[in-house]
$ cat model-v5.pdb   # PDB, C-alpha atoms
ATOM      1  CA  MET A1277      -3.964  -9.789  19.562
ATOM      2  CA  ALA A1278      -2.554 -10.793  16.229
ATOM      3  CA  ILE A1279      -1.274  -8.926  13.181
ATOM      4  CA  TYR A1280      -3.108  -9.077   9.862
ATOM      5  CA  MET A1281      -2.243  -7.895   6.365
ATOM      6  CA  ASP A1282      -4.983  -7.637   3.800
ATOM      7  CA  VAL A1283      -4.802  -6.936   0.122
ATOM      8  CA  HIS A1284      -7.341  -5.171  -2.089
ATOM      9  CA  SER A1285      -7.028  -5.452  -5.863
ATOM     10  CA  GLY A1286      -8.559  -3.480  -8.710
ATOM     11  CA  MET A1287      -8.188  -0.044  -7.088
ATOM     12  CA  GLN A1288      -6.433   1.510 -10.096
ATOM     13  CA  GLY A1289      -6.450   5.309  -9.978
ATOM     14  CA  ILE A1290      -7.295   5.574  -6.286
ATOM     15  CA  SER A1291      -6.577   9.105  -5.038
ATOM     16  CA  SER A1292      -5.070  10.175  -1.756
ATOM     17  CA  ASP A1293      -8.468  11.560  -0.689
ATOM     18  CA  ASP A1294     -10.179   8.262  -1.592
ATOM     19  CA  LEU A1295      -7.635   6.327   0.463
ATOM     20  CA  VAL A1296      -7.958   8.588   3.493
ATOM     21  CA  ALA A1297     -11.774   8.397   3.286
ATOM     22  CA  ALA A1298     -11.722   4.588   3.020
ATOM     23  CA  HIS A1299      -9.333   4.319   5.957
ATOM     24  CA  GLN A1300     -11.583   6.603   8.003
ATOM     25  CA  LYS A1301     -14.494   4.208   7.378
ATOM     26  CA  ASP A1302     -12.362   1.422   8.877
ATOM     27  CA  LEU A1303     -11.513   3.569  11.890
ATOM     28  CA  ASP A1304     -15.210   4.367  12.359
ATOM     29  CA  ALA A1305     -16.164   0.674  12.137
ATOM     30  CA  GLU A1306     -13.306  -1.001  13.988
ATOM     31  CA  HIS A1307     -14.035  -0.231  17.647
ATOM     32  CA  THR A1308     -16.951  -2.688  17.812
ATOM     33  CA  GLU A1309     -14.542  -5.519  16.999
ATOM     34  CA  ASP A1310     -11.499  -4.491  19.064
ATOM     35  CA  VAL A1311      -9.580  -4.154  15.777
ATOM     36  CA  HIS A1312      -7.221  -1.363  14.758
ATOM     37  CA  PHE A1313      -6.230  -0.626  11.182
ATOM     38  CA  SER A1314      -2.900   1.091  11.747
ATOM     39  CA  LYS A1315      -1.385   1.618   8.286
ATOM     40  CA  VAL A1316      -2.361   1.557   4.624
ATOM     41  CA  TRP A1317      -0.200   1.563   1.496
ATOM     42  CA  ALA A1318      -1.614   1.983  -2.000
ATOM     43  CA  ASP A1319      -0.279   1.709  -5.531
ATOM     44  CA  PRO A1320      -2.762   3.517  -7.805
ATOM     45  CA  LYS A1321      -0.984   2.180 -10.892
ATOM     46  CA  SER A1322      -1.470  -1.536 -10.179
ATOM     47  CA  GLY A1323      -4.584  -0.973  -8.057
ATOM     48  CA  LYS A1324      -3.188  -2.817  -5.039
ATOM     49  CA  VAL A1325      -3.939  -1.594  -1.498
ATOM     50  CA  PHE A1326      -2.314  -3.169   1.581
ATOM     51  CA  CYS A1327      -3.828  -2.668   5.048
ATOM     52  CA  LEU A1328      -2.093  -3.572   8.298
ATOM     53  CA  ALA A1329      -4.330  -4.330  11.273
ATOM     54  CA  GLU A1330      -4.207  -5.679  14.788
ATOM     55  CA  GLY A1331      -7.126  -7.625  16.133
ATOM     56  CA  PRO A1332      -8.432 -10.610  18.060
ATOM     57  CA  SER A1333      -9.216 -12.791  15.015
ATOM     58  CA  MET A1334      -9.234 -12.911  11.222
ATOM     59  CA  ASP A1335     -13.034 -12.886  11.247
ATOM     60  CA  ALA A1336     -13.082  -9.682  13.320
ATOM     61  CA  VAL A1337     -10.761  -7.949  10.832
ATOM     62  CA  ARG A1338     -12.838  -9.234   7.911
ATOM     63  CA  ARG A1339     -16.063  -7.969   9.485
ATOM     64  CA  VAL A1340     -14.667  -4.441   9.966
ATOM     65  CA  HIS A1341     -13.695  -4.162   6.289
ATOM     66  CA  GLU A1342     -17.090  -5.578   5.236
ATOM     67  CA  ARG A1343     -18.939  -3.128   7.492
ATOM     68  CA  ALA A1344     -16.840  -0.271   6.072
ATOM     69  CA  GLY A1345     -18.023  -1.277   2.595
ATOM     70  CA  HIS A1346     -14.752  -2.583   1.156
ATOM     71  CA  PRO A1347     -14.203  -6.284   1.866
ATOM     72  CA  ALA A1348     -10.620  -7.417   1.268
ATOM     73  CA  ASP A1349      -9.706  -9.729  -1.607
ATOM     74  CA  GLU A1350      -7.030 -11.452   0.485
ATOM     75  CA  LEU A1351      -6.431 -11.562   4.242
ATOM     76  CA  TYR A1352      -3.449 -13.086   6.047
ATOM     77  CA  GLU A1353      -2.546 -13.573   9.694
ATOM     78  CA  CYS A1354       1.108 -12.543   9.924
ATOM     79  CA  SER A1355       2.390 -14.430  12.946
ATOM     80  CA  LEU A1356       6.009 -13.454  12.167
ATOM     81  CA  THR A1357       7.258  -9.874  12.002
ATOM     82  CA  VAL A1358      10.709  -8.307  11.687
ATOM     83  CA  GLU A1359      11.049  -4.574  12.243
TER      84      GLU A1359
ATOM     85  CA  MET B 494      12.850   8.099  -2.207
ATOM     86  CA  ALA B 495       9.719   6.044  -2.701
ATOM     87  CA  ILE B 496       7.976   3.321  -0.716
ATOM     88  CA  TYR B 497       7.737  -0.229  -2.040
ATOM     89  CA  MET B 498       5.812  -3.295  -0.904
ATOM     90  CA  ASP B 499       6.779  -6.655  -2.245
ATOM     91  CA  VAL B 500       5.127 -10.010  -1.887
ATOM     92  CA  HIS B 501       6.712 -13.452  -1.790
ATOM     93  CA  SER B 502       4.513 -16.530  -2.217
ATOM     94  CA  GLY B 503       5.090 -20.199  -1.511
ATOM     95  CA  MET B 504       6.931 -19.707   1.804
ATOM     96  CA  GLN B 505       4.713 -22.115   3.735
ATOM     97  CA  GLY B 506       6.251 -23.205   7.026
ATOM     98  CA  ILE B 507       8.826 -20.394   7.181
ATOM     99  CA  SER B 508      10.236 -20.121  10.696
ATOM    100  CA  SER B 509      11.080 -17.006  12.644
ATOM    101  CA  ASP B 510      14.791 -17.849  12.301
ATOM    102  CA  ASP B 511      14.399 -18.268   8.522
ATOM    103  CA  LEU B 512      12.681 -14.898   8.250
ATOM    104  CA  VAL B 513      15.289 -13.083  10.330
ATOM    105  CA  ALA B 514      18.084 -14.688   8.281
ATOM    106  CA  ALA B 515      16.414 -13.724   4.978
ATOM    107  CA  HIS B 516      15.891 -10.158   6.178
ATOM    108  CA  GLN B 517      19.534  -9.975   7.248
ATOM    109  CA  LYS B 518      20.559 -10.905   3.695
ATOM    110  CA  ASP B 519      18.548  -7.919   2.450
ATOM    111  CA  LEU B 520      20.195  -5.641   5.009
ATOM    112  CA  ASP B 521      23.616  -6.913   3.930
ATOM    113  CA  ALA B 522      22.829  -6.321   0.232
ATOM    114  CA  GLU B 523      20.836  -3.094   0.347
ATOM    115  CA  HIS B 524      23.496  -0.434   0.980
ATOM    116  CA  THR B 525      24.899  -0.677  -2.519
ATOM    117  CA  GLU B 526      21.520   0.423  -3.900
ATOM    118  CA  ASP B 527      20.563   3.081  -1.321
ATOM    119  CA  VAL B 528      17.584   0.863  -0.410
ATOM    120  CA  HIS B 529      16.336   0.044   3.080
ATOM    121  CA  PHE B 530      14.087  -2.907   3.875
ATOM    122  CA  SER B 531      12.430  -1.648   7.042
ATOM    123  CA  LYS B 532       9.768  -4.224   7.933
ATOM    124  CA  VAL B 533       8.716  -7.755   7.084
ATOM    125  CA  TRP B 534       5.509  -9.636   7.863
ATOM    126  CA  ALA B 535       5.068 -13.363   7.214
ATOM    127  CA  ASP B 536       2.191 -15.815   7.321
ATOM    128  CA  PRO B 537       3.741 -19.307   7.469
ATOM    129  CA  LYS B 538       0.317 -20.901   6.916
ATOM    130  CA  SER B 539      -0.401 -19.324   3.504
ATOM    131  CA  GLY B 540       3.271 -18.860   2.654
ATOM    132  CA  LYS B 541       2.943 -15.122   2.015
ATOM    133  CA  VAL B 542       5.737 -12.730   3.021
ATOM    134  CA  PHE B 543       5.362  -8.934   2.721
ATOM    135  CA  CYS B 544       8.432  -6.666   2.729
ATOM    136  CA  LEU B 545       8.308  -2.882   3.087
ATOM    137  CA  ALA B 546      11.208  -0.934   1.606
ATOM    138  CA  GLU B 547      12.320   2.580   0.795
ATOM    139  CA  GLY B 548      14.480   3.217  -2.192
ATOM    140  CA  PRO B 549      15.280   5.285  -5.252
ATOM    141  CA  SER B 550      13.548   3.001  -7.793
ATOM    142  CA  MET B 551      11.682  -0.261  -8.247
ATOM    143  CA  ASP B 552      14.660  -1.723 -10.070
ATOM    144  CA  ALA B 553      16.959  -0.929  -7.142
ATOM    145  CA  VAL B 554      14.611  -2.714  -4.724
ATOM    146  CA  ARG B 555      14.312  -5.667  -7.109
ATOM    147  CA  ARG B 556      18.087  -5.938  -7.437
ATOM    148  CA  VAL B 557      18.603  -6.067  -3.651
ATOM    149  CA  HIS B 558      16.162  -8.966  -3.268
ATOM    150  CA  GLU B 559      17.745 -10.756  -6.228
ATOM    151  CA  ARG B 560      21.241 -10.261  -4.822
ATOM    152  CA  ALA B 561      20.021 -11.562  -1.449
ATOM    153  CA  GLY B 562      18.866 -14.727  -3.212
ATOM    154  CA  HIS B 563      15.110 -14.332  -2.868
ATOM    155  CA  PRO B 564      13.575 -12.353  -5.765
ATOM    156  CA  ALA B 565      10.050 -11.138  -5.051
ATOM    157  CA  ASP B 566       7.018 -12.564  -6.848
ATOM    158  CA  GLU B 567       5.287  -9.166  -6.861
ATOM    159  CA  LEU B 568       6.608  -5.636  -6.338
ATOM    160  CA  TYR B 569       4.569  -2.425  -6.027
ATOM    161  CA  GLU B 570       5.453   1.224  -5.668
ATOM    162  CA  CYS B 571       3.111   2.544  -2.985
ATOM    163  CA  SER B 572       2.860   6.259  -3.729
ATOM    164  CA  LEU B 573       0.036   6.674  -1.187
ATOM    165  CA  THR B 574       0.357   5.919   2.516
ATOM    166  CA  VAL B 575      -1.887   6.503   5.515
ATOM    167  CA  GLU B 576      -0.421   5.965   8.989
TER     168      GLU B 576
END

$ encode --input "model-v5.pdb" --output "structure tokens"
Amino acid sequence: MAIYMDVHSGMQGISSDDLVAAHQKDLDAEHTEDVHFSKVWADPKSGKVFCLAEGPSMDAVRRVHERAGHPADELYECSLTVE
Amino acid sequence: MAIYMDVHSGMQGISSDDLVAAHQKDLDAEHTEDVHFSKVWADPKSGKVFCLAEGPSMDAVRRVHERAGHPADELYECSLTVE
């Protein structure tokens, strides 16, 4: 499994309820792809949303977001992590 | 304290050692600003690096990265989080 970060743009004004609902759509859609969206951070002012996921491939992560109705604008495989 | 995500671009080919060393520079510089850089994710292929930080203000986070020698290309205050 690899780690992925995706970025959504243009989400200015997103509310906490909107974000929770969107994340729930990912959780509902992810099991068919062996993906897990673990964390989401959003900046309603700039409209940026960052999603952290684990999964078997970039295509699998992309498909989950597409199936949930919010394809990502950018998607990166983060092979290096420091925590 | 607020949560910040910043993005560095153009870091193609960054190694694990490079990333750990850069993060250590943030850790060495952050205490003067009451900031903590908690996690970093990097994609050496695209050159994107994402840093997650907590701190009292966007300017404080920006100053730590500048003092560490690697100012961020983008910096967002993420007032919404789902984990």

$ interface_residues --input "model-v5.pdb" --of "chain A" --to "chain B" --cutoff "6 Å" --atoms "only C-alpha atoms" --output "list in words"
Lys1315, Val1316, Trp1317, Ala1318, Asp1319, Glu1353, Cys1354, Ser1355, Leu1356, Thr1357, Val1358 and Glu1359 of chain A

$ axis_aligned_box --input "model-v5.pdb" --around "segment 1312-1317 of chain A" --padding-each-side "4 Å" --output "JSON"
{"center_x": -3.7, "center_y": 0.1, "center_z": 8.1, "size_x": 15.0, "size_y": 11.0, "size_z": 21.3}

$ closest_residue --input "model-v5.pdb" --among "A:Glu1330, A:Glu1342, A:Glu1350, A:Asp1282" --to "Lys1301 of chain A" --atoms "only C-alpha atoms"
A:Glu1342

$ resolve_selection --input "model-v5.pdb" --expression "the PyMOL selection byres ((chain A and resi 1348) around 6)" --output "PyMOL selection string"
chain A and resi 1283-1284+1347+1349-1350

$ atom_distance --input "model-v5.pdb" --atom1 "atom CA of Thr1308 of chain A" --atom2 "atom CA of Ala1336 of chain A"
9.2 Å

$ resolve_selection --input "model-v5.pdb" --expression "the PyMOL selection byres ((chain B and resi 522) around 12)" --output "PDB file with C-alpha atoms, in the frame of the given file"
ATOM      1  CA  ALA B 515      16.414 -13.724   4.978  1.00  0.00           C
ATOM      2  CA  HIS B 516      15.891 -10.158   6.178  1.00  0.00           C
ATOM      3  CA  GLN B 517      19.534  -9.975   7.248  1.00  0.00           C
ATOM      4  CA  LYS B 518      20.559 -10.905   3.695  1.00  0.00           C
ATOM      5  CA  ASP B 519      18.548  -7.919   2.450  1.00  0.00           C
ATOM      6  CA  LEU B 520      20.195  -5.641   5.009  1.00  0.00           C
ATOM      7  CA  ASP B 521      23.616  -6.913   3.930  1.00  0.00           C
ATOM      8  CA  GLU B 523      20.836  -3.094   0.347  1.00  0.00           C
ATOM      9  CA  HIS B 524      23.496  -0.434   0.980  1.00  0.00           C
ATOM     10  CA  THR B 525      24.899  -0.677  -2.519  1.00  0.00           C
ATOM     11  CA  GLU B 526      21.520   0.423  -3.900  1.00  0.00           C
ATOM     12  CA  ASP B 527      20.563   3.081  -1.321  1.00  0.00           C
ATOM     13  CA  VAL B 528      17.584   0.863  -0.410  1.00  0.00           C
ATOM     14  CA  HIS B 529      16.336   0.044   3.080  1.00  0.00           C
ATOM     15  CA  PHE B 530      14.087  -2.907   3.875  1.00  0.00           C
ATOM     16  CA  ALA B 553      16.959  -0.929  -7.142  1.00  0.00           C
ATOM     17  CA  VAL B 554      14.611  -2.714  -4.724  1.00  0.00           C
ATOM     18  CA  ARG B 555      14.312  -5.667  -7.109  1.00  0.00           C
ATOM     19  CA  ARG B 556      18.087  -5.938  -7.437  1.00  0.00           C
ATOM     20  CA  VAL B 557      18.603  -6.067  -3.651  1.00  0.00           C
ATOM     21  CA  HIS B 558      16.162  -8.966  -3.268  1.00  0.00           C
ATOM     22  CA  GLU B 559      17.745 -10.756  -6.228  1.00  0.00           C
ATOM     23  CA  ARG B 560      21.241 -10.261  -4.822  1.00  0.00           C
ATOM     24  CA  ALA B 561      20.021 -11.562  -1.449  1.00  0.00           C
ATOM     25  CA  GLY B 562      18.866 -14.727  -3.212  1.00  0.00           C
ATOM     26  CA  HIS B 563      15.110 -14.332  -2.868  1.00  0.00           C
TER      27      HIS B 563
END

$ atom_distance --input "model-v5.pdb" --atom1 "atom CA of Met1287 of chain A" --atom2 "atom CA of Ser1333 of chain A"
25.5 Å

$ atom_distance --input "model-v5.pdb" --atom1 "atom CA of Ala495 of chain B" --atom2 "atom CA of Ala546 of chain B"
8.3 Å

$ decode --input "model-v5.pdb" --residues "segment 506-557 of chain B" --atoms "C-alpha atoms" --output "PDB file, in the first residue's frame"
ATOM      1  CA  GLY B 506      14.278  13.823  -6.824  1.00  0.00           C
ATOM      2  CA  ILE B 507      14.265  14.703  -3.112  1.00  0.00           C
ATOM      3  CA  SER B 508      15.688  11.820  -1.092  1.00  0.00           C
ATOM      4  CA  SER B 509      14.525  10.500   2.243  1.00  0.00           C
ATOM      5  CA  ASP B 510      17.707  11.878   3.848  1.00  0.00           C
ATOM      6  CA  ASP B 511      17.072  15.308   2.286  1.00  0.00           C
ATOM      7  CA  LEU B 512      13.520  15.340   3.615  1.00  0.00           C
ATOM      8  CA  VAL B 513      14.525  14.315   7.132  1.00  0.00           C
ATOM      9  CA  ALA B 514      17.273  16.968   7.150  1.00  0.00           C
ATOM     10  CA  ALA B 515      14.866  19.679   5.933  1.00  0.00           C
ATOM     11  CA  HIS B 516      12.291  18.694   8.545  1.00  0.00           C
ATOM     12  CA  GLN B 517      14.970  18.800  11.239  1.00  0.00           C
ATOM     13  CA  LYS B 518      15.736  22.401  10.247  1.00  0.00           C
ATOM     14  CA  ASP B 519      12.068  23.233  10.851  1.00  0.00           C
ATOM     15  CA  LEU B 520      12.151  21.503  14.235  1.00  0.00           C
ATOM     16  CA  ASP B 521      15.289  23.454  15.148  1.00  0.00           C
ATOM     17  CA  ALA B 522      13.701  26.776  14.104  1.00  0.00           C
ATOM     18  CA  GLU B 523      10.113  26.343  15.260  1.00  0.00           C
ATOM     19  CA  HIS B 524      10.343  26.783  19.042  1.00  0.00           C
ATOM     20  CA  THR B 525      10.928  30.507  18.804  1.00  0.00           C
ATOM     21  CA  GLU B 526       7.522  30.888  17.133  1.00  0.00           C
ATOM     22  CA  ASP B 527       5.478  28.383  19.177  1.00  0.00           C
ATOM     23  CA  VAL B 528       4.980  26.421  15.933  1.00  0.00           C
ATOM     24  CA  HIS B 529       5.220  22.659  15.485  1.00  0.00           C
ATOM     25  CA  PHE B 530       5.722  20.964  12.128  1.00  0.00           C
ATOM     26  CA  SER B 531       4.214  17.567  12.863  1.00  0.00           C
ATOM     27  CA  LYS B 532       4.182  15.688   9.549  1.00  0.00           C
ATOM     28  CA  VAL B 533       5.659  15.866   6.073  1.00  0.00           C
ATOM     29  CA  TRP B 534       4.748  13.990   2.899  1.00  0.00           C
ATOM     30  CA  ALA B 535       6.831  14.146  -0.287  1.00  0.00           C
ATOM     31  CA  ASP B 536       6.428  12.957  -3.854  1.00  0.00           C
ATOM     32  CA  PRO B 537       9.921  12.982  -5.411  1.00  0.00           C
ATOM     33  CA  LYS B 538       8.435  12.328  -8.866  1.00  0.00           C
ATOM     34  CA  SER B 539       6.283  15.485  -9.067  1.00  0.00           C
ATOM     35  CA  GLY B 540       8.471  17.447  -6.662  1.00  0.00           C
ATOM     36  CA  LYS B 541       5.610  18.279  -4.293  1.00  0.00           C
ATOM     37  CA  VAL B 542       6.181  18.383  -0.525  1.00  0.00           C
ATOM     38  CA  PHE B 543       3.304  18.885   1.948  1.00  0.00           C
ATOM     39  CA  CYS B 544       3.988  20.007   5.531  1.00  0.00           C
ATOM     40  CA  LEU B 545       1.411  19.961   8.328  1.00  0.00           C
ATOM     41  CA  ALA B 546       1.939  22.415  11.172  1.00  0.00           C
ATOM     42  CA  GLU B 547       0.237  23.829  14.229  1.00  0.00           C
ATOM     43  CA  GLY B 548       0.860  27.374  15.247  1.00  0.00           C
ATOM     44  CA  PRO B 549      -0.471  30.701  16.447  1.00  0.00           C
ATOM     45  CA  SER B 550      -0.608  32.388  13.010  1.00  0.00           C
ATOM     46  CA  MET B 551       0.169  31.967   9.329  1.00  0.00           C
ATOM     47  CA  ASP B 552       2.990  34.473   9.628  1.00  0.00           C
ATOM     48  CA  ALA B 553       4.603  32.462  12.427  1.00  0.00           C
ATOM     49  CA  VAL B 554       4.522  29.299  10.298  1.00  0.00           C
ATOM     50  CA  ARG B 555       5.893  31.213   7.306  1.00  0.00           C
ATOM     51  CA  ARG B 556       8.738  32.646   9.375  1.00  0.00           C
ATOM     52  CA  VAL B 557       9.834  29.200  10.615  1.00  0.00           C
TER      53      VAL B 557
END
